[in-house]
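Working notes for the structure below.
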Amino acid sequence: MTRKTNQCFNVTVENTLKIPTSLHWHGLILPWDQDGTSYVSQLPIPAGGSQSYNFKIQQTGTYYAHAHYGLEEQKLLSIPLIIQPEVENKAYKEIIVYLEDFTFETIENVWGDLREDLLKQKAIMGRNWLPDLSVNNSSHAMHDLADVVFDAYLANKKTVSNPDIHKVASGDEVILRFINASISSQFNITLGGLKGKIIATDGNPVVPMITEEFPLATGQRIDIRAVIPKKGSNYPILAHAQGSDMQTGIILAKDENKVPIILPKSSKPMDPVSNNTEKFLYAKNPLAKKAIDQSITLELEGNMMYYVWAINGQIWPKVKPLKVTQGQRVELVFVNKTTMSHPMHLHGHVFQVTEIDGLKVEGALRDTILVMPSQVVKVVFDANNPGTWDLHCHVGYHAWGGMATVLQYEGYEGLEIPMSTFMQYSQMYGGY
Amino acid sequence: MIRMLLPSMILLSHFLYSQDNNCTLENMDPTKTIHLKIVEGEIEVDGKKASIYEVKVDDKKN
């Protein structure tokens, strides 16, 4: 479909499902009340209802939109959203690599399994019983890799048995736009012998860095620029999910008759996906030098056995907003006290990574940063987009299990939603 | 330009720091609105079908 556009976002979303939903414009800087976040920026779009969005687009690059109602991302409710500069560069081929995890199970069954032990304990101890969030009762001392066993991983809605194949030729310049739209999976991505340069993270340009392999946490995006070499014929671009031996991907093919067969399983489960690459990324357009006005520490906590997650001891939806003042330079200090990785996502803002485990960096601009177990990661942002914003782990099950909070500007109250509505919403899949 | 590259993909042209300050809900130009529809769909994975939710660009309205 091709049509003329204007300078505004100008989108209407119609919900034809039999259940409510909402669509969040992930990574976009936009007015807070158009962020698409159920019960934070808007009421859910009811079955048969619709909602309009119109704001000035301020960014270019790789983004996506996904459900922000319950755990509907598990049902693959999302789309890539690419914003081109005013003058499009036609010299390169643009290839989207859209990664998702997939299960045949229902949301209720997956969530019920995760919360099974909590329900049993509550049956004994009473409905209001909650586990000690400081107790590490994981079966793994250092790093738990995955909560859910998925049936497949998808790239552009396909498995590697029948992969998306893109015809390329020697000398072609390609931009690969990787989007991790999974609900829960961290991927390690290999370029199949192709050397590329990371040119953008979460839509924001970085100083180009040569790479053949890189991590991508859920909610993150990375753009890779590569030139197809004279040597070699086909390049399998593969994503390996942390903790799983399954892989997915696409193929860049010079000769479509000689496309290699990619096995759906690799030789061993994927090791923990690390954020080490982050230490070598530099923002091309860093934030202006400015003193930090306010530092907010977010202790990421959880009890693995009972599957309850929290930030600073507060379990969503019973959270007190973190307050910032317009004009401040704000530092967020993520302290991961759990045995799982948490990709932390701030809505409506772009932050710069400044420190990873004590190593100071003038890092990438992002909206989602992976915080590994026992790690401390610092980011800064300018409080220049007033409103009430979600700040949460982008592993959907972690956020739904409590690891979510709200960042609120002074003078803003957010939507007037009774706590009883929040509680009803948060318990709609059971598990309480 | 807005065009489909993948099923259910939106590509937006963009004017950085646009002088147009009328991008508000009150000033939506209905002739330029992109209509998205959230629908129940189906996917086949390893020969087995499953229900999914999809975002479709509503061709009838666009």
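Labeling convention for the structure tokens: chains A, B, ... as they appear, residues from 1 per chain, ligands from 1 in order of appearance.
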So that I can see what lies close to Phe422 of chain A, please list as a VMD selection string the residues with an atom at most 10 Å from it, counting only C-alpha atoms and leaving out residues fewer than 2 positions away in the same chain.
chain A and resid 39 316 to 318 417 to 420 424 to 427
Can you check which residues of segment 158-400 of chain A DSSP gives as strand (DSSP E or B) on the backbone and send them as JSON, numbers by chain?
{"A": [158, 164, 165, 166, 167, 173, 174, 175, 176, 177, 178, 179, 180, 187, 188, 189, 190, 196, 197, 198, 199, 200, 201, 204, 205, 206, 207, 208, 209, 210, 211, 213, 214, 215, 216, 221, 222, 223, 224, 225, 226, 227, 234, 235, 236, 237, 238, 239, 240, 241, 242, 246, 247, 248, 249, 250, 251, 252, 253, 265, 270, 283, 294, 295, 296, 297, 298, 299, 300, 301, 302, 303, 308, 309, 310, 311, 314, 322, 323, 324, 329, 330, 331, 332, 333, 334, 335, 336, 340, 342, 343, 344, 345, 346, 351, 352, 353, 354, 355, 356, 359, 360, 365, 366, 368, 369, 370, 371, 376, 377, 378, 379, 380, 381, 382, 388, 389, 390, 391, 392, 393]}
Limited to C-alpha atoms, could you put the picked residues into a file as a short mmCIF file (atom, residue, chain, number, x, y, z; two decimals), in the first residue's frame?
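And here is the file that came out, result_12.cif:
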```
data_model
loop_
_atom_site.label_atom_id
_atom_site.label_comp_id
_atom_site.auth_asym_id
_atom_site.auth_seq_id
_atom_site.Cartn_x
_atom_site.Cartn_y
_atom_site.Cartn_z
CA LYS A 158 7.83 -17.84 10.19
CA ASP A 164 11.64 -15.63 5.10
CA ILE A 165 14.13 -15.43 2.21
CA HIS A 166 15.43 -12.11 0.87
CA LYS A 167 17.19 -11.97 -2.48
CA GLU A 173 23.96 -2.39 0.88
CA VAL A 174 21.36 -3.66 3.33
CA ILE A 175 19.91 -2.22 6.50
CA LEU A 176 18.69 -4.99 8.77
CA ARG A 177 16.16 -3.68 11.26
CA PHE A 178 15.97 -6.15 14.16
CA ILE A 179 12.98 -5.87 16.47
CA ASN A 180 12.59 -8.12 19.50
CA PHE A 187 18.02 -13.35 21.80
CA ASN A 188 21.61 -13.64 20.69
CA ILE A 189 21.81 -12.84 16.98
CA THR A 190 24.41 -14.08 14.51
CA GLY A 196 27.84 -5.59 9.67
CA LYS A 197 27.90 -2.37 11.63
CA ILE A 198 25.51 -1.51 14.42
CA ILE A 199 24.23 1.93 13.41
CA ALA A 200 21.28 2.47 15.73
CA THR A 201 19.85 1.21 19.00
CA ASN A 204 18.80 6.22 17.96
CA PRO A 205 22.03 6.50 15.91
CA VAL A 206 25.24 5.16 17.47
CA VAL A 207 28.86 5.49 16.36
CA PRO A 208 29.02 2.55 13.91
CA MET A 209 30.49 -0.58 15.47
CA ILE A 210 31.52 -3.67 13.49
CA THR A 211 29.76 -6.83 14.59
CA GLU A 213 26.98 -11.24 16.73
CA PHE A 214 25.01 -9.17 19.23
CA PRO A 215 22.32 -9.45 21.93
CA LEU A 216 18.75 -8.18 21.66
CA ARG A 221 15.73 -2.81 18.44
CA ILE A 222 19.05 -2.72 16.60
CA ASP A 223 19.80 -1.55 13.06
CA ILE A 224 22.71 -3.20 11.22
CA ARG A 225 24.21 -1.88 8.01
CA ALA A 226 26.10 -4.39 5.86
CA VAL A 227 27.41 -4.74 2.35
CA ASN A 234 23.79 -17.18 1.35
CA TYR A 235 23.69 -15.71 4.82
CA PRO A 236 21.43 -17.22 7.49
CA ILE A 237 20.62 -14.45 9.99
CA LEU A 238 19.75 -16.39 13.13
CA ALA A 239 18.36 -15.53 16.54
CA HIS A 240 19.00 -17.95 19.39
CA ALA A 241 16.77 -17.59 22.42
CA GLN A 242 18.42 -17.56 25.83
CA MET A 246 15.64 -23.49 19.35
CA GLN A 247 16.54 -20.85 16.82
CA THR A 248 14.78 -18.73 14.27
CA GLY A 249 15.81 -16.39 11.51
CA ILE A 250 15.74 -15.24 7.92
CA ILE A 251 18.04 -15.90 4.98
CA LEU A 252 19.77 -13.40 2.73
CA ALA A 253 20.18 -15.37 -0.48
CA LYS A 265 17.46 -26.63 16.97
CA MET A 270 21.76 -20.73 24.42
CA ALA A 283 25.60 7.54 21.10
CA GLN A 294 17.69 13.74 40.81
CA SER A 295 18.81 10.14 41.11
CA ILE A 296 16.19 7.40 41.55
CA THR A 297 17.24 3.90 42.56
CA LEU A 298 15.06 1.03 41.40
CA GLU A 299 15.77 -2.21 43.22
CA LEU A 300 14.51 -5.03 41.02
CA GLU A 301 13.28 -7.79 43.30
CA GLY A 302 11.46 -11.05 43.02
CA ASN A 303 10.72 -14.44 44.40
CA VAL A 308 6.14 -12.46 42.41
CA TRP A 309 8.18 -9.48 41.15
CA ALA A 310 8.62 -5.99 42.51
CA ILE A 311 10.41 -2.66 42.26
CA GLN A 314 6.25 -2.48 45.65
CA LEU A 322 8.13 7.92 41.23
CA LYS A 323 8.03 11.72 41.07
CA VAL A 324 10.15 13.89 38.75
CA ARG A 329 18.16 15.68 34.39
CA VAL A 330 17.14 12.42 36.04
CA GLU A 331 19.32 9.38 36.71
CA LEU A 332 17.76 5.93 37.04
CA VAL A 333 19.88 3.38 38.90
CA PHE A 334 18.69 -0.18 38.21
CA VAL A 335 19.88 -2.64 40.86
CA ASN A 336 19.00 -6.19 39.90
CA MET A 340 16.81 -13.25 36.07
CA HIS A 342 15.24 -7.65 33.26
CA PRO A 343 14.98 -5.44 30.15
CA MET A 344 13.74 -2.20 31.73
CA HIS A 345 11.62 0.03 29.50
CA LEU A 346 10.69 3.67 30.09
CA PHE A 351 17.65 7.69 28.01
CA GLN A 352 21.42 7.38 27.70
CA VAL A 353 23.33 4.48 29.27
CA THR A 354 26.00 5.94 31.59
CA GLU A 355 27.28 3.11 33.78
CA ILE A 356 27.34 -0.69 33.78
CA LEU A 359 32.17 1.07 34.28
CA LYS A 360 31.30 4.59 33.19
CA LEU A 365 20.52 6.22 23.61
CA ARG A 366 17.74 3.74 24.27
CA THR A 368 14.97 -0.34 26.91
CA ILE A 369 18.09 -1.56 28.73
CA LEU A 370 18.91 -5.11 29.78
CA VAL A 371 19.91 -5.41 33.44
CA VAL A 376 23.84 -2.24 38.55
CA VAL A 377 23.07 -0.21 35.42
CA LYS A 378 22.68 3.57 35.35
CA VAL A 379 20.93 5.65 32.71
CA VAL A 380 20.05 9.35 32.50
CA PHE A 381 17.25 11.20 30.74
CA ASP A 382 15.86 14.70 30.52
CA THR A 388 2.38 9.85 33.78
CA TRP A 389 4.51 7.10 32.25
CA ASP A 390 4.92 3.38 32.64
CA LEU A 391 8.36 2.10 33.69
CA HIS A 392 8.59 -1.67 33.76
CA CYS A 393 10.40 -4.88 32.94
#
```
What's the separation between atom CA of Val57 of chain B and atom CA of Trp32 of chain A, in Å to one decimal place?
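Spanning atom CA of Val57 of chain B to atom CA of Trp32 of chain A is a straight-line distance of 24.0 Å.
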Taking only C-alpha atoms into account, what are the residues of chain A at most 7 Å from chain B, put as number ranges by chain?
A: 1-5, 7-8, 10-17, 53-60, 75-86, 104
Write the residues of the selection above to a file with N, CA and C atoms, as an mmCIF file, in the first residue's frame.
```cif
data_model
loop_
_atom_site.group_PDB
_atom_site.id
_atom_site.type_symbol
_atom_site.label_atom_id
_atom_site.label_comp_id
_atom_site.auth_asym_id
_atom_site.auth_seq_id
_atom_site.Cartn_x
_atom_site.Cartn_y
_atom_site.Cartn_z
ATOM 1 N N MET A 1 0.850 -1.194 0.000
ATOM 2 C CA MET A 1 0.000 0.000 0.000
ATOM 3 C C MET A 1 0.887 1.246 0.000
ATOM 4 N N THR A 2 0.624 2.153 -0.859
ATOM 5 C CA THR A 2 1.385 3.400 -0.893
ATOM 6 C C THR A 2 0.408 4.566 -0.870
ATOM 7 N N ARG A 3 0.717 5.538 -0.076
ATOM 8 C CA ARG A 3 -0.139 6.724 -0.041
ATOM 9 C C ARG A 3 0.648 7.880 0.519
ATOM 10 N N LYS A 4 0.127 9.083 0.304
ATOM 11 C CA LYS A 4 0.811 10.258 0.840
ATOM 12 C C LYS A 4 0.554 10.375 2.333
ATOM 13 N N THR A 5 1.496 10.920 3.012
ATOM 14 C CA THR A 5 1.287 11.130 4.434
ATOM 15 C C THR A 5 1.353 12.629 4.731
ATOM 16 N N GLN A 7 2.308 15.415 8.291
ATOM 17 C CA GLN A 7 3.334 15.574 9.316
ATOM 18 C C GLN A 7 2.852 15.083 10.680
ATOM 19 N N CYS A 8 1.712 14.469 10.703
ATOM 20 C CA CYS A 8 1.135 14.022 11.965
ATOM 21 C C CYS A 8 1.044 12.493 11.974
ATOM 22 N N ASN A 10 -1.608 10.588 13.251
ATOM 23 C CA ASN A 10 -2.950 10.464 12.663
ATOM 24 C C ASN A 10 -3.371 9.004 12.402
ATOM 25 N N VAL A 11 -3.577 8.276 13.496
ATOM 26 C CA VAL A 11 -3.926 6.854 13.394
ATOM 27 C C VAL A 11 -5.178 6.584 14.223
ATOM 28 N N THR A 12 -6.074 5.781 13.686
ATOM 29 C CA THR A 12 -7.220 5.307 14.458
ATOM 30 C C THR A 12 -7.141 3.786 14.582
ATOM 31 N N VAL A 13 -7.319 3.295 15.786
ATOM 32 C CA VAL A 13 -7.244 1.856 16.049
ATOM 33 C C VAL A 13 -8.642 1.345 16.381
ATOM 34 N N GLU A 14 -9.095 0.370 15.632
ATOM 35 C CA GLU A 14 -10.417 -0.217 15.860
ATOM 36 C C GLU A 14 -10.227 -1.609 16.454
ATOM 37 N N ASN A 15 -10.912 -1.884 17.537
ATOM 38 C CA ASN A 15 -10.796 -3.189 18.195
ATOM 39 C C ASN A 15 -11.968 -4.086 17.785
ATOM 40 N N THR A 16 -11.692 -5.084 16.942
ATOM 41 C CA THR A 16 -12.770 -6.000 16.542
ATOM 42 C C THR A 16 -12.761 -7.285 17.376
ATOM 43 N N LEU A 17 -11.870 -7.339 18.378
ATOM 44 C CA LEU A 17 -11.834 -8.539 19.235
ATOM 45 C C LEU A 17 -13.055 -8.554 20.156
ATOM 46 N N TYR A 53 -5.311 8.586 17.661
ATOM 47 C CA TYR A 53 -4.024 9.102 18.136
ATOM 48 C C TYR A 53 -3.532 10.100 17.093
ATOM 49 N N ASN A 54 -3.082 11.265 17.543
ATOM 50 C CA ASN A 54 -2.540 12.240 16.597
ATOM 51 C C ASN A 54 -1.543 13.125 17.322
ATOM 52 N N PHE A 55 -0.308 13.057 16.908
ATOM 53 C CA PHE A 55 0.751 13.865 17.533
ATOM 54 C C PHE A 55 1.853 14.062 16.510
ATOM 55 N N LYS A 56 2.712 15.025 16.787
ATOM 56 C CA LYS A 56 3.808 15.308 15.865
ATOM 57 C C LYS A 56 4.912 14.269 16.061
ATOM 58 N N ILE A 57 5.286 13.620 14.982
ATOM 59 C CA ILE A 57 6.347 12.611 15.068
ATOM 60 C C ILE A 57 7.692 13.326 15.166
ATOM 61 N N GLN A 58 8.489 12.929 16.160
ATOM 62 C CA GLN A 58 9.751 13.634 16.415
ATOM 63 C C GLN A 58 10.979 12.786 16.138
ATOM 64 N N GLN A 59 10.785 11.537 15.721
ATOM 65 C CA GLN A 59 11.921 10.620 15.609
ATOM 66 C C GLN A 59 11.959 9.955 14.241
ATOM 67 N N THR A 60 13.100 9.320 13.966
ATOM 68 C CA THR A 60 13.178 8.400 12.831
ATOM 69 C C THR A 60 13.678 7.062 13.375
ATOM 70 N N LYS A 75 -0.212 -13.446 22.410
ATOM 71 C CA LYS A 75 -1.003 -13.798 21.221
ATOM 72 C C LYS A 75 -0.489 -13.061 19.983
ATOM 73 N N LEU A 76 0.739 -12.554 20.073
ATOM 74 C CA LEU A 76 1.452 -11.942 18.932
ATOM 75 C C LEU A 76 0.820 -10.630 18.472
ATOM 76 N N LEU A 77 0.162 -9.928 19.395
ATOM 77 C CA LEU A 77 -0.510 -8.686 18.999
ATOM 78 C C LEU A 77 0.506 -7.540 18.939
ATOM 79 N N SER A 78 1.151 -7.397 17.799
ATOM 80 C CA SER A 78 2.110 -6.301 17.616
ATOM 81 C C SER A 78 2.402 -6.108 16.132
ATOM 82 N N ILE A 79 3.000 -4.959 15.814
ATOM 83 C CA ILE A 79 3.404 -4.673 14.419
ATOM 84 C C ILE A 79 4.700 -3.868 14.417
ATOM 85 N N PRO A 80 5.541 -4.067 13.392
ATOM 86 C CA PRO A 80 6.697 -3.179 13.241
ATOM 87 C C PRO A 80 6.218 -1.782 12.854
ATOM 88 N N LEU A 81 6.958 -0.793 13.276
ATOM 89 C CA LEU A 81 6.630 0.595 12.962
ATOM 90 C C LEU A 81 7.936 1.301 12.633
ATOM 91 N N ILE A 82 8.143 1.614 11.361
ATOM 92 C CA ILE A 82 9.401 2.198 10.923
ATOM 93 C C ILE A 82 9.148 3.640 10.505
ATOM 94 N N ILE A 83 9.926 4.545 11.047
ATOM 95 C CA ILE A 83 9.756 5.949 10.701
ATOM 96 C C ILE A 83 10.946 6.388 9.858
ATOM 97 N N GLN A 84 10.667 6.775 8.629
ATOM 98 C CA GLN A 84 11.716 7.153 7.690
ATOM 99 C C GLN A 84 12.005 8.643 7.793
ATOM 100 N N PRO A 85 13.247 9.039 7.462
ATOM 101 C CA PRO A 85 13.530 10.477 7.382
ATOM 102 C C PRO A 85 12.759 11.098 6.222
ATOM 103 N N GLU A 86 12.705 12.408 6.236
ATOM 104 C CA GLU A 86 11.912 13.107 5.217
ATOM 105 C C GLU A 86 12.379 12.742 3.821
ATOM 106 N N PHE A 104 1.464 -22.597 21.903
ATOM 107 C CA PHE A 104 0.080 -23.010 21.621
ATOM 108 C C PHE A 104 -0.803 -22.874 22.868
#
```
Go through A:Gly363, A:Pro373, A:Gly358, A:Pro131 and flag the residue nearest Thr338 of chain A, using only C-alpha atoms for the distances.
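Of A:Gly363, A:Pro373, A:Gly358, A:Pro131, the one nearest Thr338 of chain A is A:Pro373, counting only C-alpha atoms.
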